[in-house]
Every structure is written in structure tokens, then in C-alpha cells.
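**Q** Sharing final_6.txt below, compact mmCIF, C-alpha atoms:
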# COMPACT_ATOMS: atom_id res chain seq x y z
CA MET A 1 0.00 0.00 0.00
CA ALA A 2 2.89 2.35 0.71
CA ARG A 3 4.12 1.83 -2.85
CA ALA A 4 0.64 2.60 -4.22
CA LYS A 5 0.55 5.82 -2.18
CA SER A 6 4.01 6.76 -3.35
CA THR A 7 3.11 6.01 -6.96
CA ALA A 8 -0.02 8.14 -6.85
CA GLY A 9 1.90 10.98 -5.26
CA TRP A 10 4.61 10.87 -7.92
CA ILE A 11 1.99 10.91 -10.67
CA VAL A 12 0.73 14.24 -9.38
CA VAL A 13 4.21 15.68 -8.89
CA LEU A 14 5.22 14.70 -12.42
CA VAL A 15 2.06 16.10 -13.94
CA LEU A 16 2.33 19.38 -12.02
CA CYS A 17 6.04 19.98 -12.23
CA CYS A 18 7.22 18.73 -15.60
CA GLY A 19 7.50 21.48 -18.07
CA CYS A 20 6.17 24.43 -16.11
CA GLY A 21 6.45 26.37 -19.34
CA LYS A 22 3.93 28.15 -21.43
CA SER A 23 2.23 26.08 -24.10
CA GLY A 24 -0.90 28.19 -24.01
CA PHE A 25 -4.60 27.85 -23.55
CA GLY A 26 -6.92 28.19 -26.47
CA GLU A 27 -10.10 26.77 -27.87
CA TYR A 28 -11.31 23.49 -26.38
CA LYS A 29 -11.01 20.59 -28.78
CA GLU A 30 -11.33 16.85 -28.44
CA PHE A 31 -8.15 14.99 -27.64
CA LYS A 32 -8.33 11.25 -28.22
CA CYS A 33 -5.73 8.90 -26.75
CA GLU A 34 -6.12 5.49 -28.36
CA GLY A 35 -3.43 3.85 -26.18
CA GLY A 36 -4.95 5.30 -23.03
CA ARG A 37 -8.46 4.41 -24.20
CA PHE A 38 -9.95 7.83 -23.40
CA LYS A 39 -10.96 11.13 -24.88
CA VAL A 40 -11.24 14.54 -23.27
CA LEU A 41 -11.70 18.19 -24.24
CA MET A 42 -8.38 20.01 -23.92
CA PRO A 43 -7.98 23.82 -24.05
CA GLY A 44 -5.21 23.60 -26.65
CA THR A 45 -2.79 21.05 -28.04
CA PRO A 46 -1.45 18.94 -25.17
CA LYS A 47 2.20 18.22 -24.59
CA GLU A 48 2.77 14.47 -24.21
CA GLU A 49 5.38 12.96 -21.92
CA LYS A 50 6.32 9.40 -21.10
CA LEU A 51 7.60 9.22 -17.56
CA SER A 52 8.16 6.70 -14.81
CA ALA A 53 6.83 6.90 -11.26
CA ALA A 54 8.17 4.38 -8.76
CA GLY A 55 9.18 2.22 -11.72
CA ILE A 56 5.70 2.32 -13.25
CA PRO A 57 5.41 3.75 -16.79
CA LEU A 58 3.21 6.85 -16.89
CA LYS A 59 1.87 8.93 -19.75
CA THR A 60 0.85 12.53 -19.26
CA PHE A 61 -0.83 15.06 -21.51
CA ARG A 62 -1.03 18.70 -20.43
CA VAL A 63 -1.82 22.19 -21.57
CA GLU A 64 -0.48 24.99 -19.42
CA SER A 65 0.07 28.69 -19.17
CA TRP A 66 2.10 30.56 -16.58
CA GLU A 67 -0.66 30.43 -13.99
CA LYS A 68 -2.91 27.50 -14.85
CA ALA A 69 -2.80 23.98 -16.21
CA CYS A 70 -5.00 21.09 -17.31
CA ALA A 71 -3.54 17.61 -17.36
CA VAL A 72 -4.55 14.01 -17.74
CA ALA A 73 -2.31 11.07 -16.86
CA TYR A 74 -2.66 7.33 -16.80
CA ALA A 75 -0.65 4.41 -15.51
CA ASP A 76 -1.17 0.67 -15.48
CA ILE A 77 -0.68 -0.58 -11.95
CA PRO A 78 1.11 -3.91 -11.43
CA ASP A 79 -0.84 -6.84 -9.99
CA GLU A 80 1.34 -6.96 -6.87
CA ILE A 81 0.08 -3.50 -5.91
CA LEU A 82 -3.54 -4.02 -6.96
CA ARG A 83 -4.09 -7.29 -5.14
CA TYR A 84 -3.69 -5.78 -1.66
CA GLY A 85 -6.40 -3.78 0.05
CA ALA A 86 -9.82 -2.58 -0.96
CA THR A 87 -10.37 -0.24 -3.87
CA SER A 88 -11.47 2.52 -1.49
CA ALA A 89 -8.17 2.19 0.39
CA LYS A 90 -6.22 2.50 -2.86
CA LEU A 91 -8.14 5.64 -3.80
CA ASP A 92 -7.66 7.07 -0.30
CA ALA A 93 -3.92 6.41 -0.62
CA ALA A 94 -3.90 8.13 -4.00
CA VAL A 95 -5.59 11.18 -2.48
CA ASP A 96 -3.18 11.24 0.48
CA GLY A 97 -0.21 10.82 -1.86
CA MET A 98 -1.38 13.59 -4.15
CA VAL A 99 -1.91 16.10 -1.35
CA SER A 100 1.32 15.31 0.47
CA SER A 101 3.41 15.27 -2.72
CA VAL A 102 2.53 18.90 -3.44
CA ASN A 103 2.77 19.88 0.26
CA GLY A 104 -0.86 20.85 -0.06
CA LYS A 105 -3.69 21.12 2.40
CA LEU A 106 -6.73 18.96 1.70
CA ILE A 107 -9.87 21.06 1.32
CA ARG A 108 -12.23 18.25 0.36
CA SER A 109 -12.35 14.73 -1.04
CA TYR A 110 -15.40 12.72 -1.95
CA ASP A 111 -16.43 9.61 -3.85
CA ILE A 112 -17.32 9.86 -7.53
CA GLN A 113 -17.84 7.38 -10.34
CA LEU A 114 -16.79 7.28 -13.97
CA ALA A 115 -19.36 5.95 -16.45
CA GLY A 116 -21.59 4.97 -13.54
CA LYS A 117 -19.38 2.02 -12.55
CA TYR A 118 -15.72 2.87 -11.96
CA PRO A 119 -14.79 4.22 -8.53
CA GLY A 120 -13.00 7.49 -8.09
CA ARG A 121 -12.34 10.51 -5.91
CA GLU A 122 -12.64 14.20 -6.54
CA VAL A 123 -10.09 16.17 -4.58
CA LYS A 124 -9.56 19.84 -3.94
CA ALA A 125 -6.33 20.95 -2.24
CA GLN A 126 -4.70 24.27 -1.45
CA LEU A 127 -1.15 24.63 -2.75
CA PRO A 128 1.52 26.01 -0.41
CA ASN A 129 2.00 29.77 -0.03
CA ASN A 130 -1.46 30.43 -1.51
CA ALA A 131 -0.02 29.54 -4.93
CA GLY A 132 -3.44 28.31 -6.06
CA ILE A 133 -5.44 25.14 -5.82
CA VAL A 134 -5.54 21.73 -7.42
CA VAL A 135 -8.82 20.09 -8.36
CA ALA A 136 -8.27 16.48 -9.36
CA ARG A 137 -10.36 13.49 -10.31
CA ILE A 138 -8.76 10.12 -9.78
CA TYR A 139 -10.30 6.92 -11.15
CA LEU A 140 -9.38 3.26 -10.94
CA VAL A 141 -10.57 1.40 -14.03
CA ARG A 142 -9.64 -2.25 -13.74
CA GLN A 143 -5.82 -2.10 -13.55
CA ARG A 144 -5.41 1.49 -14.71
CA PHE A 145 -5.31 4.69 -12.70
CA TYR A 146 -6.48 7.81 -14.51
CA GLU A 147 -5.96 11.26 -13.10
CA LEU A 148 -7.30 14.54 -14.40
CA LEU A 149 -6.33 17.76 -12.76
CA VAL A 150 -6.58 21.47 -13.07
CA THR A 151 -4.39 23.83 -11.14
CA GLY A 152 -4.24 27.58 -10.82
CA PRO A 153 -6.01 30.40 -9.03
CA GLN A 154 -9.21 29.26 -7.33
CA SER A 155 -11.25 31.53 -9.62
CA TRP A 156 -10.05 29.51 -12.61
CA ALA A 157 -9.64 26.00 -11.10
CA THR A 158 -13.29 26.01 -10.00
CA SER A 159 -14.61 27.76 -13.11
CA ALA A 160 -16.92 26.48 -15.82
CA ASP A 161 -13.91 26.26 -18.17
CA ALA A 162 -11.99 24.02 -15.76
CA ASN A 163 -15.08 21.86 -15.24
CA LYS A 164 -15.55 21.61 -19.00
CA PHE A 165 -12.24 19.75 -19.12
CA LEU A 166 -12.90 17.59 -16.04
CA ASP A 167 -16.47 16.71 -17.07
CA SER A 168 -15.53 15.76 -20.64
CA PHE A 169 -13.39 12.72 -19.79
CA VAL A 170 -14.81 9.48 -21.22
CA LEU A 171 -13.44 6.02 -21.84
CA ILE A 172 -13.28 4.60 -25.35
CA ASP A 173 -12.88 1.01 -26.52
Could you write out this file's structure as C-alpha cells?
**A**
Amino acid sequence: MARAKSTAGWIVVLVLCCGCGKSGFGEYKEFKCEGGRFKVLMPGTPKEEKLSAAGIPLKTFRVESWEKACAVAYADIPDEILRYGATSAKLDAAVDGMVSSVNGKLIRSYDIQLAGKYPGREVKAQLPNNAGIVVARIYLVRQRFYELLVTGPQSWATSADANKFLDSFVLID
């Protein structure tokens, strides 16, 4: 379970910290990831990165400006991690790992579902030094963790535009 928590935390750190440049926000358009088996509306052309978190391959796609970002990441979790503990405990560990990895303060976390059947959590956390907030949705779909997040000033991270991205995520076959 400690490895699952560490892995989830590293996913968030990698998504938030890699790049930190300005790729720019623009018009929302559908982004389809065949390998990840999902599609989502992104506010621009996402930058793709293949990373590793605790030895687990991770793919991230993000669009960012100097003060805000939208990102989606996915990772296939090894059986030896998945077989221990309940799904709710794995999601709780992912939430704890995400918040602690950014030295954030948890504002709220609650259960959600993807497609009416896959368990998840929605999380809102304050970043250190009032640098903004993170709103994330974390899902466990069979052996794959998906994470969507928006980060920036609260006025943007809780806006209709940020929710447009978060709400648009769907699985594809």
C-alpha cells in the first residue's frame, strides 16, 4: 500500500512539475488517446510525456500557461500493488499521496464514479503559499489509474472552463 501511495503521489508531482512552461490555452477541442483508451476536451494542443513513477510507466498530456494547467495522466498498476487492500483504500492512498506530494492542504475529497461504474475521488487541495489550488479526479478502471487535474487560481480552477475539461473525460474502446 505504501508503494501505491508513493506512486499516486509521484503521478501528481510529475504532472504538475514537468514542463512548467507556457504552451498556451486556447479553444477546447477533443483529444483522443487510443493507447490510453480515453478522450477529453483540452484547451489547446497537449504536450505528451512518457515518464516513470516508482518504476511504473506513466503517460501525461497537459496544456499549461504561466498560472494555470489542465492535465490528464494514466498508468497501469502492477498486480502486486492491486491485489492488496480494498479499492477505497487504494483511492484514499492516491488522495493522500497527491496532497502530500505537493505539500498541499486537503480542502475536500469525496467519492465519484466514472461511467456509472468505476470508482474514483474528486479532490480539492490548497497549494503552499497560496499559490493556487488543485482540483483532481482520480479513477481506478480495472488495472489502470487515470488522473485529471486542473491547477491555478481558485477563480479559474473552479470555473466552468476548468469543469468543461474535467467533465468531458470518457473512456473509449
**Q** Using all atoms listed in the file, which protein or nucleic acid residues come within 9 Å of segment 127-136 of chain A? Drop anything in the same chain fewer than 2 positions from it, and give the result as a ChimeraX atom specification.
**A** /A:67-68,99,102-105,121-125,138,147-154,157-158,162,166
**Q** Please measure the separation of atom CA of Leu171 of chain A and atom CA of Glu34 of chain A, giving the value in Å to one decimal.
**A** 9.8 Å
**Q** Mind pulling up the distance from atom CA of Ser52 of chain A to atom CA of Gly116 of chain A?
**A**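 Atom-to-atom, atom CA of Gly116 of chain A and atom CA of Ser52 of chain A are spaced 29.8 Å apart.
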**Q** Distance atom CA of Leu140 of chain A-atom CA of Asn163 of chain A, one decimal place?
**A**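 About the pair atom CA of Leu140 of chain A and atom CA of Asn163 of chain A: they are 19.9 Å apart.
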**Q** Would you pick out the contacts of Pro43 of chain A at 12 Å or less, using all atoms listed in the file, so that residues sharing its chain but fewer than 3 positions from it are not included, and give the list as a list of chain:residue names?
**A** A:Ser23, A:Gly24, A:Phe25, A:Gly26, A:Glu27, A:Tyr28, A:Lys29, A:Glu30, A:Phe31, A:Val40, A:Pro46, A:Lys47, A:Phe61, A:Arg62, A:Val63, A:Glu64, A:Ser65, A:Lys68, A:Ala69, A:Cys70, A:Ala71, A:Val150, A:Asp161, A:Ala162, A:Asn163, A:Lys164, A:Phe165, A:Leu166, A:Ser168
**Q** Contacts of Thr87 of chain A at 9 Å or less, counting all atoms listed in the file, minus same-chain residues fewer than 5 places along, as a PyMOL selection string?
**A** chain A and resi 82+92+119+140
**Q** Up to 12 Å from (4.4, 4.0, -19.5) in the file's coordinates: name the residues, counting all atoms listed in the file, as number ranges by chain.
**A** A: 11, 35-36, 48-60, 73-78, 144-145
**Q** Okay, now the selection with C-alpha atoms, as a CSV table (one decimal), keeping the file's coordinate frame?
**A**
chain,number,residue,atom,x,y,z
A,11,ILE,CA,2.0,10.9,-10.7
A,35,GLY,CA,-3.4,3.8,-26.2
A,36,GLY,CA,-5.0,5.3,-23.0
A,48,GLU,CA,2.8,14.5,-24.2
A,49,GLU,CA,5.4,13.0,-21.9
A,50,LYS,CA,6.3,9.4,-21.1
A,51,LEU,CA,7.6,9.2,-17.6
A,52,SER,CA,8.2,6.7,-14.8
A,53,ALA,CA,6.8,6.9,-11.3
A,54,ALA,CA,8.2,4.4,-8.8
A,55,GLY,CA,9.2,2.2,-11.7
A,56,ILE,CA,5.7,2.3,-13.2
A,57,PRO,CA,5.4,3.8,-16.8
A,58,LEU,CA,3.2,6.8,-16.9
A,59,LYS,CA,1.9,8.9,-19.8
A,60,THR,CA,0.8,12.5,-19.3
A,73,ALA,CA,-2.3,11.1,-16.9
A,74,TYR,CA,-2.7,7.3,-16.8
A,75,ALA,CA,-0.6,4.4,-15.5
A,76,ASP,CA,-1.2,0.7,-15.5
A,77,ILE,CA,-0.7,-0.6,-12.0
A,78,PRO,CA,1.1,-3.9,-11.4
A,144,ARG,CA,-5.4,1.5,-14.7
A,145,PHE,CA,-5.3,4.7,-12.7
**Q** Under the rule that only C-alpha atoms are counted, which of A:Ser100, A:Gln126, A:Gln113, A:Ser159 is the nearest residue to Ser88 of chain A?
**A** A:Gln113
